[in-house]
Protein chains: 2
Amino acid sequence: MSGSPITESSAELDDLVGYNLKRVYMIFQDKLRDILGQEGLAPRSYSVLSLTVQQPSVTQSELARRLGIERSGLVAIVDGLESLGLLERVGVPGDRRVQALTPTLTGREVHERTAVRIARDEERLLSVLSGQDRRALIRILGRLRDMHEVRG
Amino acid sequence: MSGSPITESSAELDDLVGYNLKRVYMIFQDKLRDILGQEGLAPRSYSVLSLTVQQPSVTQSELARRLGIERSGLVAIVDGLESLGLLERVGVPGDRRVQALTPTLTGREVHERTAVRIARDEERLLSVLSGQDRRALIRILGRLRDMHEVRG
DNA sequence: TGAAATCTGTTACCAAGGTAAACTGTTATT
DNA sequence: AATAACAGTTTACCTTGGTAACAGATTTCA
């Protein structure tokens with residue numbers, strides 16, 4: 001019997017940036033689910049609603065590209081939001097393929113009050129960081145997205 | 001017609017820290033899947049293998065607590081790792097309820113060479129940051145986990 | 001012009017990841 | 001001894017996503 005033949009040269013789980021990103025993401029997502037659940041929304045539904053508020057008449061394909069998901073996955077989400085009366089599919093005169101997504105007044109109201117609650121909760125979660133660290137986190141995450149995300 | 005009655009006072013999607021965490025986490029996870037796929041492992045299987053290497057004879061309950069998942073979810077993962085010959089359930093003399101999880105030699109080898117590749121890939125992903133930002137990211141993520149994670 | 005390629009939205013199917021509740025056997029409490 | 005608590009497991013379920021194939025509309029281009 002020799003001792004341990006394998007040297008533990010690298011990366012334990014808690015040292016992996018990817019794993020820590022996951023765990024911190026879970027912290028944020030847990031509370032997000034609570035807030036959105038009160039409006040009957042899932043995180044993905046909120047992200048779609050948010051983007052249509054921000055950019056009315058956006059097409060589903062464009063939305064899928066922005067969210068980094070498949071077009072097919074968007075159908076059910078939009079169906080749900082439409083049945084809740086939060087947005088509408090509107091035909092576009094020039095191109096009969098596309099459906100422009102536009103939030104209803106109710107949709108904008110729900111989005112606004114939900115956005116406020118989400119922002120407040122993020123403020124709470126980030127309050128354990130200094131202002132400098134908060135800004136650094138936002139800047140660093142943005143840079144990692146810019147440098148590594150595949151843009152369609 | 002009045003103008004837009006809703007003021008866009010807060011949080012567009014790309015301004016939410018939670019959403020940016022998700023997107024950055026996805027960047028890290030995509031490549032992780034590639035690397036682990038070559039060994040026939042899923043991310044969760046790797047995390048279990050890694051923790052058993054780091055802490056041999058850990059129980060399944062303890063492992064579930066450390067990973068923040070349900071005990072029931074661990075069964076299939078351990079089944080898979082056991083059938084791959086990477087770890088073993090070993091009965092514990094004192095307590096016939098628990099199954100101590102211990103990596104096999106093969107398990108330690110697979111873990112070691114995989115850990116090296118994962119570390120190399122994280123290095124690549126983080127190379128777009130300054131050394132200072134890299135350290136800040138790691139420190140900030142750790143602090144958010146420490147302050148907000150429910151410890152069982 | 002007409003054929004081929006491309007694009008949009010849709011459907012049906014499927015796999016991964018996770019949770020919750022109920023069950024067995026074991027150990028601890030009182 | 002009776003009861004509670006615990007470890008692991010099974011089962012059923014749900015959510016999130018992805019893939020492939022499709023129809024209709026539009027664009028490209030030979």
# chains A, B, ... in the order shown; residues from 1 in each chain; ligands from 1

$ closest_atom_pairs --of "chain A" --to "chain C" --cutoff "8 Å" --atoms "only C-alpha atoms (C1' of nucleotides)" --output "JSON lines"
{"residue": "A:Ser61", "atom": "CA", "partner": "C:DT8", "partner_atom": "C1'", "distance": 7.3}
{"residue": "A:Arg71", "atom": "CA", "partner": "C:DG9", "partner_atom": "C1'", "distance": 8.0}
{"residue": "A:Ser72", "atom": "CA", "partner": "C:DT10", "partner_atom": "C1'", "distance": 7.3}
{"residue": "A:Val75", "atom": "CA", "partner": "C:DT10", "partner_atom": "C1'", "distance": 7.6}
{"residue": "A:Arg97", "atom": "CA", "partner": "C:DT8", "partner_atom": "C1'", "distance": 5.1}
{"residue": "A:Val98", "atom": "CA", "partner": "C:DT8", "partner_atom": "C1'", "distance": 5.7}

$ interface_residues --of "chain A" --to "chain D" --cutoff "9 Å" --atoms "only C-alpha atoms (C1' of nucleotides)" --output "PyMOL selection string"
chain A and resi 69-70+73+95-97

$ select_by_dssp --residues "chain A" --states "alpha helix (DSSP H)" --output "MDAnalysis selection string"
chainID A and resid 17:37 43:54 60:67 71:83 105:126 131:148

$ atom_distance --atom1 "atom CA of B:Thr102" --atom2 "atom CA of A:Val17"
25.1 Å

$ closest_atom_pairs --of "chain A" --to "chain B" --cutoff "8 Å" --atoms "only C-alpha atoms" --output "tab-separated table"
residue	atom	partner	partner_atom	distance
A:Ile6	CA	B:Arg108	CA	7.0
A:Thr7	CA	B:Glu112	CA	8.0
A:Glu8	CA	B:Glu112	CA	7.1
A:Ser9	CA	B:Glu112	CA	7.9
A:Ser10	CA	B:Val116	CA	6.2
A:Ala11	CA	B:Ala115	CA	5.9
A:Glu12	CA	B:Ser50	CA	6.7
A:Leu13	CA	B:Ser50	CA	6.4
A:Leu16	CA	B:Ala119	CA	7.6
A:Val17	CA	B:Ile138	CA	6.7
A:Gly18	CA	B:Phe28	CA	5.5
A:Asn20	CA	B:Leu141	CA	6.3
A:Leu21	CA	B:Tyr25	CA	5.6
A:Lys22	CA	B:Tyr25	CA	6.0
A:Arg23	CA	B:Arg145	CA	7.1
A:Val24	CA	B:Arg145	CA	6.0
A:Tyr25	CA	B:Leu21	CA	5.6
A:Ile27	CA	B:Glu149	CA	6.9
A:Phe28	CA	B:Gly18	CA	5.5
A:Gln29	CA	B:Gly18	CA	6.8
A:Ser47	CA	B:Leu13	CA	6.5
A:Ser50	CA	B:Leu13	CA	6.4
A:Leu51	CA	B:Leu13	CA	7.0
A:Gln54	CA	B:Glu12	CA	7.2
A:Arg108	CA	B:Ile6	CA	7.1
A:Glu109	CA	B:Ile6	CA	7.1
A:Glu112	CA	B:Glu8	CA	7.1
A:Ala115	CA	B:Ala11	CA	5.9
A:Val116	CA	B:Ser10	CA	6.2
A:Ile118	CA	B:Ala11	CA	7.9
A:Ala119	CA	B:Ala11	CA	6.2
A:Glu122	CA	B:Val17	CA	7.3
A:Leu125	CA	B:His148	CA	7.6
A:Leu126	CA	B:Leu144	CA	7.8
A:Val128	CA	B:Met147	CA	7.3
A:Leu129	CA	B:Ile140	CA	7.6
A:Asp133	CA	B:Ile140	CA	7.0
A:Ala136	CA	B:Ala136	CA	7.6
A:Leu137	CA	B:Leu137	CA	6.5
A:Ile138	CA	B:Val17	CA	6.7
A:Ile140	CA	B:Asp133	CA	7.0
A:Leu141	CA	B:Asn20	CA	6.3
A:Gly142	CA	B:Asn20	CA	7.2
A:Arg143	CA	B:Val128	CA	7.9
A:Leu144	CA	B:Val24	CA	6.7
A:Arg145	CA	B:Val24	CA	6.0
A:Met147	CA	B:Val128	CA	7.3
A:His148	CA	B:Ile27	CA	7.0
A:Glu149	CA	B:Ile27	CA	6.9

$ atom_distance --atom1 "atom CA of B:Thr104" --atom2 "atom CA of B:Asp34"
23.5 Å

$ calpha_fit_rmsd --fixed "chain A" --moving "chain B"
0.1 Å

$ select_by_dssp --residues "chain B" --states "strand (DSSP E)" --output "PyMOL selection string"
chain B and resi 58-59+87-91+99-103

$ residues_around --residues "A:Ser83" --least-positions-apart "4" --cutoff "12 Å" --atoms "only C-alpha atoms (C1' of nucleotides)" --output "list in words"
Gly40, Leu41, Ala76, Ile77, Val78, Asp79, Leu87, Glu88, Arg89, Thr104 and Gly107 of chain A

$ atom_distance --atom1 "atom CA of A:Leu36" --atom2 "atom CA of A:Pro56"
21.3 Å
